[in-house]
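These notes concern the structure reproduced below.
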4 protein chains.
Amino acid sequence: MPDVQLTKGLHEACGVFGIYGHPHAGELVYYGLHALQHRGQESAGIVAVDQGKFTTHKGMGLVTDVFRNGDAFDLSGESAVGHVMYANGSPTITEVQPLVFKYRAGTIALAHNGALVNAAQIRRSLELQGSIFQTNSDIEVIAHLIARSPHDDLVSALRHALGVIEGSYALLVLAENKLIACLDPQGLRPLALGKVGGSYCFASETCAFDLIEAEYIRHVEPGEMVVVGQDQLRSLKIGEPSPAFCSFEYIYFARPDSNLTSNTSVHQIRRKLGKQLAAESPVEADLVLGVPDSSLSAAIGYAEALSIPFEMGLVKNRYVGRTFIQGKQESRTRDVKLKLSVVRKVVEGKTVVMVDDSLIRGTTSRRIVRLLRDAGVKAVHVRISSPPVAHPCFYGIDISSHDELIVTHKSVAEIQSYIGADSLEFLTIDGLVRAIRGTNDNHGLCLACFNGKYPTTIDFQTEEAQNE
Amino acid sequence: MPDVQLTKGLHEACGVFGIYGHPHAGELVYYGLHALQHRGQESAGIVAVDQGKFTTHKGMGLVTDVFRNGDAFDLSGESAVGHVMYANGSPTITEVQPLVFKYRAGTIALAHNGALVNAAQIRRSLELQGSIFQTNSDIEVIAHLIARSPHDDLVSALRHALGVIEGSYALLVLAENKLIACLDPQGLRPLALGKVGGSYCFASETCAFDLIEAEYIRHVEPGEMVVVGQDQLRSLKIGEPSPAFCSFEYIYFARPDSNLTSNTSVHQIRRKLGKQLAAESPVEADLVLGVPDSSLSAAIGYAEALSIPFEMGLVKNRYVGRTFIQGKQESRTRDVKLKLSVVRKVVEGKTVVMVDDSLIRGTTSRRIVRLLRDAGVKAVHVRISSPPVAHPCFYGIDISSHDELIVTHKSVAEIQSYIGADSLEFLTIDGLVRAIRGTNDNHGLCLACFNGKYPTTIDFQTEEAQNE
Amino acid sequence: MPDVQLTKGLHEACGVFGIYGHPHAGELVYYGLHALQHRGQESAGIVAVDQGKFTTHKGMGLVTDVFRNGDAFDLSGESAVGHVMYANGSPTITEVQPLVFKYRAGTIALAHNGALVNAAQIRRSLELQGSIFQTNSDIEVIAHLIARSPHDDLVSALRHALGVIEGSYALLVLAENKLIACLDPQGLRPLALGKVGGSYCFASETCAFDLIEAEYIRHVEPGEMVVVGQDQLRSLKIGEPSPAFCSFEYIYFARPDSNLTSNTSVHQIRRKLGKQLAAESPVEADLVLGVPDSSLSAAIGYAEALSIPFEMGLVKNRYVGRTFIQGKQESRTRDVKLKLSVVRKVVEGKTVVMVDDSLIRGTTSRRIVRLLRDAGVKAVHVRISSPPVAHPCFYGIDISSHDELIVTHKSVAEIQSYIGADSLEFLTIDGLVRAIRGTNDNHGLCLACFNGKYPTTIDFQTEEAQNE
Amino acid sequence: MPDVQLTKGLHEACGVFGIYGHPHAGELVYYGLHALQHRGQESAGIVAVDQGKFTTHKGMGLVTDVFRNGDAFDLSGESAVGHVMYANGSPTITEVQPLVFKYRAGTIALAHNGALVNAAQIRRSLELQGSIFQTNSDIEVIAHLIARSPHDDLVSALRHALGVIEGSYALLVLAENKLIACLDPQGLRPLALGKVGGSYCFASETCAFDLIEAEYIRHVEPGEMVVVGQDQLRSLKIGEPSPAFCSFEYIYFARPDSNLTSNTSVHQIRRKLGKQLAAESPVEADLVLGVPDSSLSAAIGYAEALSIPFEMGLVKNRYVGRTFIQGKQESRTRDVKLKLSVVRKVVEGKTVVMVDDSLIRGTTSRRIVRLLRDAGVKAVHVRISSPPVAHPCFYGIDISSHDELIVTHKSVAEIQSYIGADSLEFLTIDGLVRAIRGTNDNHGLCLACFNGKYPTTIDFQTEEAQNE
C-alpha cells in the first residue's frame with residue numbers, strides 16, 4: 001500500500017448539535033455545544049431559523065468565547081443547529097460551520113462531523129460543470145450536490161446528494177421547516193437522537209443530552225436519514241448499512257460519560273480496555289498511573305485487574321492556557337509540565353505502570369516518562385490501551401500520513417528505547433475488539449488505523465497525485 | 001413611475017484598491033484602504049496572492065481595527081486587492097470583501113464598488129441552473145457567471161460575465177498572475193490607475209495614490225477593462241461606453257483632495273457648487289457656516305461669492321465613538337452634539353447662512369438648526385449645495401425608496417418649516433451641472449436621484465414584486 | 001462565643017512567588033504563578049526591579065490572560081515578585097498585588113498571602129496619625145508601618161512593622177537589592193524556599209518549583225524572615241514561633257503534587273484522610289466516587305481501605321467558562337452539570353459512596369446528590385474527608401461568619417436530609433489530626449475552623465462593632 | 001537662567017468634570033469627559049459616591065473605549081468626578097485619575113488638571129515624616145497634606161493643604177456629602193461652574209456644559225475654592241489672587257467652541273491672533289491655508305485681514321488610528337500624510353501662506369512644508385500665530401526643557417531654512433497680548449513659555465539637581 005498524505009481539505013473531528021421546534025432552541029444548542037467542546041476547540045457556531053430567516057453567530061475559539069455576550073440566547077427561531085470544529089490546517093472564519101446556503105428551493109444550514117473520501121473528485125467534477133467554491137469544507141460539496149439534484153424537495157435532493165459521496169458524515173441539515181440528520185452507511189461517527197420538552201434533538205454524543213436534560217432515545221443508524229418536521233419524525237434509508245464504527249471514539253475521542261451504544265458508557269469500555277491490557281501484558285509494579293484525563297479509566301481497569309494500587313501520580317493542571325507563550329528560558333519538559341505535574345512523593349523510588357490511551361508519534365509519552373524519571377521513579381513500564389496506530393485515517397481523525405506515525409519508522413523495541421521506558425506494550429487488535437464487543441467478532445467496528453482495512457474504497461493514487 | 005424600494009441586496013458605496021507585482025503589496029493596499037476609509041467603515045479586507053496561494057485577512061470595523069496587529073504587512077505575495085465596505089442591512093463576516101472563489105480555471109479574489117440592477121434576476125436564473133449562494137453580495141453573482149462562462153481564460157470569461165450584468169461596478173479581480181480592473185459602460189463609480197515603483201495600482205480615489213506616493217496616470221474609462229500582468233498593461237473594451245458619472249461623488253461622497261477627472265479636485269468643484277448656490281439663492285447675513293466636514297468647501301464658495309464672512313461656527317468633535325452608548329438622560333440634541341458643537345459666541349445674535357451639501361430625510365438639518373437656535377442665532381438661512389433628492393439610487397448610494405425621501409412627502413416650504421429654518425433653498429439641477437461641467441451640458445453625468453432619468457434600464461415591476 | 005462576620009478587608013487565599021538575581025526573573029515568576037493559579041484566579045501581577053527601577057504588569061483574570069502578550073518576559077530586571085489573588089468582595093485593579101510603595105528609604109514591592117487580624121485597629125491608629133489609604137489591602141498597612149518605623153534599613157523596619165501585626169502572613173518584600181520572605185510566628189500559610197541556577201526563590205507551594213525545575217530546599221519556618229541579597233541568604237527571627245499550620249491546606253487548598261512538609265505530598269495526606277474516614281465510617285456499597293478534582297485522592301483512599309471499587313462516576317468538564325452566562329431556560333442542576341457530569345451507566349442502580357473533601361454550606365453536595373439520583377443511583381452515602389466547619393476563619397480562608405455555615409443551623413441528621421443522602425458522615429477532628437500527623441498530637445496545626453481554638457488573639461468585640 | 005528639564009512627575013494637561021446631586025451623575029460626567037477628550041487621550045476615569053460608598057471605573061484609552069459597555073451609567077450615586085489625562089512618561093493604571101483616598105475623616109476622590117512646582121520638595125518632606133507613595137501623581141501629595149492637616153473638617157484641611165503647594169491646579173475634590181472645586185491663585189488652568197437641572201457642575205471647559213445642556217454660570221476665580229453641598233454653594237478664598245492665565249490655552253489647547261472668559265470664544269480669539277499676525281507680517285500670496293484643525297481659526301483671520309482667499313488646501317483624515325503600525329516600506333512623509341492630505345489641485349503652482357498655531361520643535365512644520373512642495377506649490381510662507389516658545393512650562397503643558405525647543409538652537413532664519421519655507425514669521429508677544437486682551441496690558445496672562453517670566457517661584461537648582 002502506498003504511503004499517502006491527506007492534506008486536501010479540512011478533515012476534522014467535530015461535534016454537532018441540532019434541535020427542532022423548541023422555544024429556547026439557541027440556548028439549548030449553546031449548552032449542547034458546550035458539552036461537546038472536547039470534540040473541537042477551534043471554532044463554534046450556531047444557526048437558527050425563524051420563519052425562513054436564518055441567523056448565524058459564529059467565531060474562532062471556545063464556545064464560551066464565541067458566545068461570551070449571551071449571543072446564543074438572542075438567536076431568533078425555534079430550530080437551530082450548532083457545530084464545534086477541530087481543524088488541522090488553518091481554518092478561516094469563512095469555513096466555520098454551520099454554513100448557510102441559498103439555492104433554488106430555499107435556504108439550508110449544514111453542520112457536519114466526518115470526512116468525505118471522494119470530495120476532491122466531486123469538487124473537480126462540479127467545477128467542470130461551472131461550480132464555484134468559497135471554502136475547503138466538505139459540506140460545500142454536499143450543498144452543490146443538493147442544489148444540482150434533479151429533485152425539488154429537500155429530502156429527495158439530499159438523498160440524491162448523499163448517494164454520490166463516500167466517507168464519514170454525521171450531518172445535520174436545517175431548513176425552514178425541518179431538521180434532517182444523516183449518517184453514512186458505515187456509521188463511522190456517533191450521532192444520537194434525543195427529546196426535550198416534546199422537541200427532538202440530535203447530538204454527536206449523549207453527554208449533550210444529559211446537560212440539557214433531554215431524554216436519550218436511540219442512536220441514528222448507519223445509512224439512516226431522520227427527518228424531523230411539523231409531521232414529526234420520519235426515518236429513511238440513505239444507503240445499504242455496512243456498519244464500521246470508529247474504534248478511536250471508544251479509545252480516546254468521546255467523553256467518558258457518553259454512551260456510544262445504548263448499554264455502556266465510554267468510561268466502562270475504557271476500563272475494560274485496561275483490564276484486557278492487564279490480561280495481555282501484566283507487569284509487577286508498586287502502582288499504576290493514568291495519563292489524565294483520557295487514560296484514567298483504562299488505568300483504573302489495569303490496576304484493578306492486577307490488584308496493583310491505582311494512584312494519582314500525574315495531576316492535570318486545570319488552568320492551562322490554550323495559547324501558551326514561550327519565553328527565552330529553555331526547558332526539556334516545561335511544555336508537558338505546564339499541563340501535567342508529577343506527584344513526586346508518590347512515585348519516588350517506585351516501580352510504576354504508566355497507562356496511556358494511545359501512542360501515535362511518541363513525543364508526549366517520551367516527555368511524560370522523562371518527567372517521571374526526573375521525579376525519581378525506579379522503573380516505568382508503559383502500557384498503551386490501544387494497538388499501534390499504523391495507518392492514516394480518512395474519516396475524520398487527524399492522522400494523515402504513514403510518515404508521521406512512529407511505527408512506520410521504529411519497532412516496538414525501538415519505540416520503548418525512544419520514549420525511555422523499561423518496558424512498553426500495546427493492546428492487541430483482538431484485545432481491543434474483545435473489550436469493546438465482549439466477543440472476538442470485529443463486525444461493525446472500523447479498525448483501519450490499526451489494520452489498514454478501510455471500510456470504504458480509498459483512491460490512494462488520487463491522493464498521492466494530489467500531494468505531489 | 002411606481003415607488004420602488006430596493007432591499008434585495010447589499011447596495012453599498014465602497015472603496016477598492018489593488019496592486020500588481022510590488023514587494024510590499026499588502027502594506028500598500030493597507031495604506032490605500034486607509035485613504036479610502038471615508039468610503040466605507042463597516043468592514044475591511046485584503047487578499048494577497050503568492051504563487052497561486054491566496055491569503056485573506058478581513059474583519060468588521062475600521063482598517064486600523066481590522067489590521068491592528070500589522071497583519072497587512074505579513075500577507076505573503078506581490079499582488080493584492082483590498083476593500084472597505086459601507087453596507088446597509090447587517091452584513092456578516094461571510095460577506096466582507098474581497099471574496100475568494102475557486103472554480104475550474106483557478107482561484108480569483110473579487111473586490112467591488114457599485115450595485116448591479118439585474119442581480120436578482122440573474123441569481124434566480126443561476127439558482128434554477130443549480131447554483132448555491134452563500135452571501136447576498138453582487139460579486140458572488142459575478143463569480144458564478146465567470147465559472148459558468150464557456151471561456152477557459154479569465155479575461156474572456158470575465159468579459160462574458162460582465163456582458164450579462166447591468167448597473168454600476170468598479171471591480172477588481174485578482175488572479176494568480178494578473179490583476180484586472182473593470183468599469184461599467186456608464187462609469188458610474190470612480191476608478192483610477194496609478195503607478196508606484198514600477199507597479200501598476202488601482203484605487204477608487206486618487207487620494208489613495210497621494211498617500212502611498214504613487215503617480216496618478218489616468219482614470220479607467222467607462223466600459224473599459226484594464227488587465228495588468230507579466231506582459232504589462234492591456235486595455236480592453238467591455239461594452240459600448242455611455243458615460244454617466246455619479247454626481248453625488250462630487251457633492252458628498254469623494255474626499256476633497258481627490259480628483260475625479262484629471263483637472264480639478266473635489267474641493268474645487270464643491271467650492272463652485274457654493275458659488276453657484278450663492279448666485280442662485282443669495283441672502284443677506286452676518287456670516288456663513290458650513291456643516292463640517294463635507295460642506296465646508298461649498299460654504300467657503302458661498303461666502304466668497306457674496307462677500308459674507310465665512311466662520312467656523314460649527315466644530316466637529318474629533319473623538320466621536322462609532323458606537324455611542326445611550327444613557328437614560330434624555331436630550332433632543334445630544335446625538336448631533338456628540339458629533340458637532342456650535343461656537344456659541346460666534347453665532348449668538350447673528351443672522352447666519354448654514355450651508356449643507358445635501359438634504360435627504362431632513363432630520364440632521366433639523367437638529368443642527370435647533371442647535372443653532374439654542375445657541376441664540378437671530379435667523380438661520382439654510383442653503384443646500386445640491387438639488388432635492390427625489391428618486392432612489394440603484395447604483396450604490398444608500399437611498400433606496402421614494403418613501404424615505406422628504407421631498408416625496410413635503411414641499412420645500414414644508415421642509416423649511418419642518419427643519420425650522422428662516423429660509424431654505426436648494427441648488428438647481430442646471431446649477432449643479434454648470435458647477436461641475438462649467439457648461440450646461442449634462443452629458444456624462446448621472447443625475448437620476450435628482451431627475452429620475454436612470455442611465456440603465458431599471459425593471460421597476462420586478463423590484464416591486466420582490467418587495468411585496 | 002459571639003457570632004462574628006468579617007467583612008472589613010480582603011481576606012484572601014493567594015499565591016506568591018519571588019526570585020532574586022536570575023537573568024529570566026520575570027519569566028520564572030510567570031511560570032511560578034501559573035503553577036500557583038489554583039490559589040487565586042481573580043488577578044495576577046508581577047513586579048520586577050532593574051537597578052532601582054520597578055516595573056509592574058498586572059490585571060484582573062488568570063495568569064495566561066493577564067500576561068497574554070508575553071509581557072512577563074519583557075519585564076526588565078533580575079529580581080521579581082508575583083502574586084495571584086482569590087478575593088472575596090470586589091477587588092479593583094488598584095488592589096491587585098504586588099503593590100509598589102515609595103518611602104523615605106527607597107521603593108519596595110509587596111506580595112502577600114494571609115490575613116491580618118488586627119489590621120482594622122492599626123489602620124485606625126495610622127489614620128489618626130495622618131496616613132492615607134488607597135486600598136483595602138493588608139499590605140498597605142504593612143507598608144505604612146515600614147515607612148513610619150524609626151529604622152532606616154529595610155530589614156529592621158520590616159521586623160519593626162511585623163512586630164505590631166497579628167494574623168497570618170506569607171509575605172514577600174522586593175527591594176532594589178534584596179528579596180525578603182517573612183512568615184508569621186504561627187506559620188499559618190505555606191512558604192517554601194528553592195534554588196534555580198544559583199538563584200534563590202520562594203513560592204507558596206512546591207509545585208511551582210517543579211515547573212521551573214528549581215530545587216526544593218526547605219520551608220520557611222514560623223516566625224522566620226529570610227533575606228536574600230548580594231551577600232546571599234540570611235535567616236532572622238521575627239517572633240517567637242508558635243506553629244499552627246492551616247489544616248485546610250491539606251484538606252482542600254494546596255495542589256496534590258505539592259509537599260507542605262518535606263516528606264509527604266498533599267495527595268498522600270488526602271489518601272490517608274480517606275483511609276481514616278473509611279475506618280471511622282465504613283459503609284457497604286458497590287462503588288466509591290470522588291468529587292473531582294480535589295476529592296479524588298481521599299476517595300481512592302476510602303475505596304482502598306474498604307476494598308470497594310473506586311470509579312470515575314463523576315467527570316469534570318475541562319472547558320468550563322469562568323463567567324457562564326445564564327439563559328432563560330431554567331434548570332435545577334445545570335450549574336453543577338456545566339462543571340460536573342455523571343457517568344450514568346456507572347452509577348445506575350448502584351449503591352455509591354460519594355466522597356467530598358469538605359461540606360461548608362451544603363449547596364454543592366446537595367446538587368451533586370441530586371445529579372446522582374437523577375442518574376438512577378440506588379443509594380448514595382456521603383462521606384466528608386474533614387470535620388464539620390463550625391467556625392469562621394480569620395487567617396485567609398473565605399469562611400467569614402457562623403451564619404453562613406450549615407452546622408450553625410442544622411444537625412448532621414438535618415444536613416443529611418437537606419442534601420438528600422442516605423447517610424452522611426464527617427471525619428472526626430481526631431481522625432483528621434491522626435491522618436495528617438500520624439499521631440494524636442495536634443500540636444502545630446490550626447484547627448480553629450473545626451474547634452474554634454484560634455492560635456492568635458481575636459478581638460471579637462471589635463469585629464462585632466465593625467459589622468454593625 | 002539654567003537649562004532645566006522637568007521629568008520628576010506627571011506634568012499633564014488634563015480635563016476634569018464634576019457634578020453634585022444629580023440623578024444621572026455618572027452619565028453626565030461621561031458626556032462631560034467626552035467633550036473634554038481633546039485635553040487628554042491617555043486615560044479616563046469616573047468616581048461616583050453613593051451614601052459614602054465610592055465606586056470607580058477607569059482605564060487606559062479614550063472615554064468611549066474605557067466606558068464601552070455603558071459602565072458610566074451604572075455607577076451608583078448622585079455625585080461624581082471624572083478625569084481625562086494626557087501624560088508624558090508612561091502612566092500606569094495605578095496613576096489613572098480620579099484617585100480615591102481614605103483618611104481619618106473619611107474618603108475623598110481627587111481629579112486634577114495642572115502641575116505643582118514644589119511637589120518634589122513636599123514629597124521629600126512627607127517621606128521623612130513616614131509617608132508612603134504609590135504613584136507619581138501630584139494629587140497623592142495633596143491627599144497626604146489633607147490627611148496630615150490639623151483640621152478635622154475637609155474644607156479647612158484642604159485649604160491648609162493648598163496653602164503649602166505652589167503651581168497650577170484646577171482641582172476637584174469629591175467627598176461623601178460635598179464637591180469642592182479649587183483653583184490656584186494664578187488661575188493658570190481654566191475651570192468653569194455650571195448648573196444643570198438644579199445641580200451644580202464644574203468643567204475644565206465650557207464646551208462640556210454645551211453637550212450636557214448645562215447653563216454656564218461663571219469661571220472659578222484664581223485662588224477661589226467653591227464648595228457645593230446640601231447647603232448649596234459657598235465661595236472661599238484659598239490664597240491672594242495673582243492672575244496669570246495660560247496663554248497657550250487660547251493658542252492651541254482649548255476647544256474653539258469653549259469660552260475661557262465670559263465674552264469670547266476661543267475660536268474668536270484665534271481669529272484675532274490671525275488678524276494680528278497679518279498686520280505684523282503680511283505677505284502677497286494666492287491663498288491662505290490653515291493646518292487643521294487647531295490653526296483654521298487663525299488662518300481665516302489672517303486671510304480676511306489681507307483679503308487673500310482662505311482655502312482648504314490641507315485636509316485632515318477623520319480616521320487616523322491612534323496607534324498606527326509602521327510597515328517596511330519607507331516614506332519621508334507618510335506619518336504626516338496619514339493625518340493630513342494636500343488638495344493638490346488647490347495648491348499646485350500657487351504661492352501659499354501656511355498658518356500654524358505654534359512651532360516648538362519644527363519637525364511637523366517641516367513635514368507639512370515638504371508635503372506642499374511635493375504637491376507643487378510655487379512658494380510657501382509660514383506664519384505662526386504665536387511667538388516662539390523659548391522656555392519650558394512648569395504648569396502643565398508638556399514642554400519640559402530648553403533643549404527640546406528649536407529656538408534654543410536656531411535663529412528664526414535658520415528655522416526657516418530647516419523647515420524649508422520661503423519665509424517664516426512669528427506673532428510678537430505684544431501682538432499676542434493685544435489679540436487676547438484687546439489692549440497692551442498683559443496683566444493676568446501667563447507668558448512664561450515666551451518670555452521666561454514665571455508667575456510662581458521656580459526652584460531651578462532643585463530641578464537641576466534632580467535631573468542629574
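For the C-alpha cells, the naming scheme is as follows: chains receive sequential letters (A, B, ...) according to their order of presentation, residues are indexed from 1 within each chain, and ligands are indexed from 1 in presentation order.
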Residues of chain C within 8 Å of chain A: nearest atom pair and distance (Å, one decimal) for each, counting only C-alpha atoms, sorted by chain and number, as a tab-separated table?
```
residue	atom	partner	partner_atom	distance
C:His24	CA	A:Gln329	CA	6.7
C:Glu27	CA	A:Gly327	CA	6.4
C:His34	CA	A:Tyr319	CA	7.8
C:Ala35	CA	A:Leu338	CA	7.7
C:Gln37	CA	A:Tyr319	CA	6.9
C:His38	CA	A:Tyr319	CA	7.8
C:Thr64	CA	A:Gly321	CA	5.7
C:Arg68	CA	A:Ile325	CA	7.4
C:Asn69	CA	A:Ile325	CA	7.5
C:Gly70	CA	A:Ile325	CA	6.0
C:Phe73	CA	A:Gly327	CA	6.2
C:Cys207	CA	A:Ser341	CA	7.9
C:Asp210	CA	A:Ser341	CA	7.9
C:Leu211	CA	A:Lys337	CA	6.0
C:Ile212	CA	A:Arg334	CA	7.5
C:Pro256	CA	A:Val343	CA	6.9
C:Asp257	CA	A:Val343	CA	4.1
C:Ser258	CA	A:Val343	CA	7.2
C:Asn259	CA	A:Lys345	CA	7.8
C:Asn263	CA	A:Lys345	CA	7.4
C:Thr264	CA	A:Lys345	CA	6.0
C:Ser265	CA	A:Lys345	CA	5.5
C:His267	CA	A:Val343	CA	7.5
C:Gln268	CA	A:Val346	CA	7.1
C:Ser297	CA	A:Met312	CA	7.0
C:Ile300	CA	A:Glu311	CA	7.8
C:Phe310	CA	A:Ile300	CA	8.0
C:Glu311	CA	A:Ile300	CA	7.8
C:Met312	CA	A:Ser297	CA	7.0
C:Val315	CA	A:Asp257	CA	7.2
C:Asn317	CA	A:Ala35	CA	8.0
C:Arg318	CA	A:Arg318	CA	7.5
C:Tyr319	CA	A:Gln37	CA	7.0
C:Gly321	CA	A:Thr64	CA	5.8
C:Phe324	CA	A:Thr64	CA	7.4
C:Ile325	CA	A:Gly70	CA	6.1
C:Gln326	CA	A:Gly70	CA	7.8
C:Gly327	CA	A:Phe73	CA	6.2
C:Lys328	CA	A:His24	CA	7.7
C:Gln329	CA	A:His24	CA	6.7
C:Arg334	CA	A:Leu211	CA	6.6
C:Lys337	CA	A:Leu211	CA	6.0
C:Leu338	CA	A:Leu211	CA	7.0
C:Ser341	CA	A:Asp257	CA	6.9
C:Val342	CA	A:Asp257	CA	6.4
C:Val343	CA	A:Asp257	CA	4.1
C:Arg344	CA	A:Asp257	CA	6.7
C:Lys345	CA	A:Ser265	CA	5.5
C:Val346	CA	A:Gln268	CA	7.1
```
For the residues in that selection, give me N, CA and C atoms as a tab-separated table (two decimals), in the first residue's frame.
```tsv
chain	number	residue	atom	x	y	z
C	24	HIS	N	16.37	35.46	33.95
C	24	HIS	CA	14.99	35.36	33.44
C	24	HIS	C	13.98	35.46	34.57
C	27	GLU	N	10.19	35.81	33.67
C	27	GLU	CA	9.67	34.58	33.08
C	27	GLU	C	9.45	33.49	34.13
C	34	HIS	N	1.81	30.56	37.37
C	34	HIS	CA	0.98	29.61	36.64
C	34	HIS	C	0.75	28.34	37.48
C	35	ALA	N	1.80	27.86	38.11
C	35	ALA	CA	1.69	26.66	38.94
C	35	ALA	C	0.85	26.93	40.19
C	37	GLN	N	-1.77	28.96	40.23
C	37	GLN	CA	-3.04	29.52	39.78
C	37	GLN	C	-4.23	29.04	40.61
C	38	HIS	N	-4.17	27.80	41.10
C	38	HIS	CA	-5.30	27.28	41.88
C	38	HIS	C	-5.51	28.05	43.18
C	64	THR	N	-2.57	33.49	32.42
C	64	THR	CA	-2.45	33.48	30.96
C	64	THR	C	-3.20	34.63	30.30
C	68	ARG	N	-0.97	37.79	28.45
C	68	ARG	CA	-1.22	37.09	27.20
C	68	ARG	C	-0.25	37.48	26.08
C	69	ASN	N	0.35	38.62	26.18
C	69	ASN	CA	1.26	39.03	25.12
C	69	ASN	C	2.73	38.82	25.47
C	70	GLY	N	2.98	37.93	26.41
C	70	GLY	CA	4.36	37.66	26.76
C	70	GLY	C	4.96	38.77	27.61
C	73	PHE	N	7.83	38.33	30.02
C	73	PHE	CA	9.19	38.09	29.54
C	73	PHE	C	9.91	39.41	29.27
C	207	CYS	N	4.90	22.96	44.17
C	207	CYS	CA	4.59	22.62	42.79
C	207	CYS	C	5.16	23.67	41.83
C	210	ASP	N	8.69	22.64	40.93
C	210	ASP	CA	8.73	21.55	39.95
C	210	ASP	C	8.64	22.09	38.53
C	211	LEU	N	7.74	23.05	38.34
C	211	LEU	CA	7.54	23.55	36.98
C	211	LEU	C	8.78	24.26	36.45
C	212	ILE	N	9.42	25.05	37.29
C	212	ILE	CA	10.59	25.80	36.80
C	212	ILE	C	11.89	25.02	37.03
C	256	PRO	N	-2.32	18.75	44.88
C	256	PRO	CA	-1.95	17.42	45.36
C	256	PRO	C	-0.47	17.10	45.18
C	257	ASP	N	0.18	17.69	44.17
C	257	ASP	CA	1.59	17.38	43.95
C	257	ASP	C	2.53	18.25	44.76
C	258	SER	N	2.00	19.17	45.56
C	258	SER	CA	2.87	19.94	46.46
C	258	SER	C	3.15	19.12	47.70
C	259	ASN	N	4.32	19.38	48.32
C	259	ASN	CA	4.51	18.84	49.66
C	259	ASN	C	4.61	20.01	50.63
C	263	ASN	N	8.29	15.63	53.72
C	263	ASN	CA	8.23	14.19	53.45
C	263	ASN	C	7.02	13.67	52.70
C	264	THR	N	5.96	14.40	52.69
C	264	THR	CA	4.74	13.83	52.14
C	264	THR	C	4.07	14.78	51.18
C	265	SER	N	3.45	14.25	50.14
C	265	SER	CA	2.69	15.09	49.23
C	265	SER	C	1.30	15.29	49.79
C	267	HIS	N	-1.36	14.92	48.12
C	267	HIS	CA	-2.14	13.78	47.66
C	267	HIS	C	-2.09	12.64	48.66
C	268	GLN	N	-0.90	12.36	49.17
C	268	GLN	CA	-0.76	11.24	50.11
C	268	GLN	C	-1.52	11.49	51.41
C	297	SER	N	-8.27	12.02	45.68
C	297	SER	CA	-7.27	11.33	46.50
C	297	SER	C	-7.93	10.66	47.70
C	300	ILE	N	-9.95	7.63	46.64
C	300	ILE	CA	-9.10	6.46	46.38
C	300	ILE	C	-8.71	5.79	47.70
C	310	PHE	N	-13.08	1.81	43.28
C	310	PHE	CA	-13.09	3.26	43.03
C	310	PHE	C	-13.49	3.46	41.59
C	311	GLU	N	-14.42	4.37	41.35
C	311	GLU	CA	-14.90	4.57	39.99
C	311	GLU	C	-14.92	6.04	39.59
C	312	MET	N	-14.73	6.30	38.29
C	312	MET	CA	-14.85	7.66	37.79
C	312	MET	C	-16.32	7.91	37.42
C	315	VAL	N	-17.38	13.15	36.27
C	315	VAL	CA	-16.33	13.63	35.38
C	315	VAL	C	-16.37	15.15	35.35
C	317	ASN	N	-15.83	18.72	33.69
C	317	ASN	CA	-15.76	19.34	32.37
C	317	ASN	C	-14.50	20.18	32.27
C	318	ARG	N	-13.68	19.87	31.27
C	318	ARG	CA	-12.41	20.60	31.12
C	318	ARG	C	-12.59	22.04	30.64
C	319	TYR	N	-13.74	22.35	30.06
C	319	TYR	CA	-13.87	23.64	29.36
C	319	TYR	C	-14.86	24.58	30.01
C	321	GLY	N	-16.35	27.66	31.30
C	321	GLY	CA	-16.05	29.08	31.23
C	321	GLY	C	-16.17	29.66	32.63
C	324	PHE	N	-20.02	32.10	33.22
C	324	PHE	CA	-21.00	31.46	32.40
C	324	PHE	C	-22.27	32.30	32.39
C	325	ILE	N	-22.73	32.59	31.20
C	325	ILE	CA	-23.92	33.43	31.08
C	325	ILE	C	-25.17	32.57	31.20
C	326	GLN	N	-26.10	33.02	31.99
C	326	GLN	CA	-27.33	32.28	32.21
C	326	GLN	C	-28.37	32.60	31.15
C	327	GLY	N	-29.01	31.61	30.64
C	327	GLY	CA	-30.09	31.82	29.68
C	327	GLY	C	-31.43	31.90	30.38
C	328	LYS	N	-32.49	31.70	29.62
C	328	LYS	CA	-33.84	31.84	30.19
C	328	LYS	C	-34.42	30.49	30.59
C	329	GLN	N	-33.82	29.44	30.04
C	329	GLN	CA	-34.32	28.09	30.25
C	329	GLN	C	-33.88	27.62	31.64
C	334	ARG	N	-28.33	22.60	36.23
C	334	ARG	CA	-27.43	22.91	35.15
C	334	ARG	C	-26.10	23.51	35.63
C	337	LYS	N	-23.99	20.81	36.55
C	337	LYS	CA	-23.75	19.96	35.38
C	337	LYS	C	-22.75	20.58	34.42
C	338	LEU	N	-22.73	21.89	34.35
C	338	LEU	CA	-21.76	22.52	33.46
C	338	LEU	C	-20.35	22.21	33.89
C	341	SER	N	-20.13	16.01	35.28
C	341	SER	CA	-21.10	15.11	34.67
C	341	SER	C	-21.08	13.78	35.39
C	342	VAL	N	-22.22	13.14	35.44
C	342	VAL	CA	-22.31	11.79	35.97
C	342	VAL	C	-22.14	10.80	34.82
C	343	VAL	N	-21.37	9.76	35.06
C	343	VAL	CA	-21.33	8.67	34.08
C	343	VAL	C	-22.49	7.74	34.44
C	344	ARG	N	-23.59	7.99	33.81
C	344	ARG	CA	-24.85	7.35	34.17
C	344	ARG	C	-24.74	5.83	34.22
C	345	LYS	N	-24.10	5.26	33.21
C	345	LYS	CA	-24.02	3.79	33.13
C	345	LYS	C	-23.22	3.21	34.29
C	346	VAL	N	-22.37	4.02	34.89
C	346	VAL	CA	-21.56	3.53	36.01
C	346	VAL	C	-22.38	3.47	37.30
```
For this session: Do a neighbour search on Thr56 of chain B at 12 Å with only C-alpha atoms, toss out local chain neighbours closer than 2 positions, and write the hits as a VMD selection string.
Result: (chain A and resid 90 to 94 134) or (chain B and resid 26 44 to 50 53 to 54 58 to 59 66 to 67 71 to 72 74 to 77 80 to 83 96 to 101 108 to 110)
For this session: List every residue of segment 177-305 of chain B that DSSP, applied to the backbone of this structure, assigns to alpha helix (DSSP H), and report them as a PyMOL selection string.
Result: chain B and resi 207-212+247-248+266-280+296-305
Exercise. Near Glu284 of chain D, counting only C-alpha atoms, which residues have an atom at most 9 Å away, once you skip same-chain residues fewer than 3 positions from it, shown as a PyMOL selection string?
Worked result: chain D and resi 287+306+308+351-353
Exercise. Any idea what's packed within 9 Å of Asp356 of chain B, counting only C-alpha atoms, ignoring anything in its chain fewer than 4 positions away? Could you give it as a ChimeraX atom specification?
Worked result: /B:289-292,294-296,298-299,365,382-386
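Going from atom CA of Thr408 of chain D to atom CA of Ala421 of chain D covers 19.3 Å.
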Exercise. Out of segment 225-428 of chain B, which residues get strand (DSSP E or B) from DSSP, as JSON, numbers by chain?
Worked result: {"B": [225, 226, 227, 228, 229, 234, 235, 236, 237, 244, 245, 246, 259, 265, 287, 288, 289, 290, 310, 311, 314, 315, 316, 340, 341, 342, 351, 352, 353, 354, 355, 356, 379, 380, 381, 382, 383, 384, 401, 423, 424, 425, 426]}
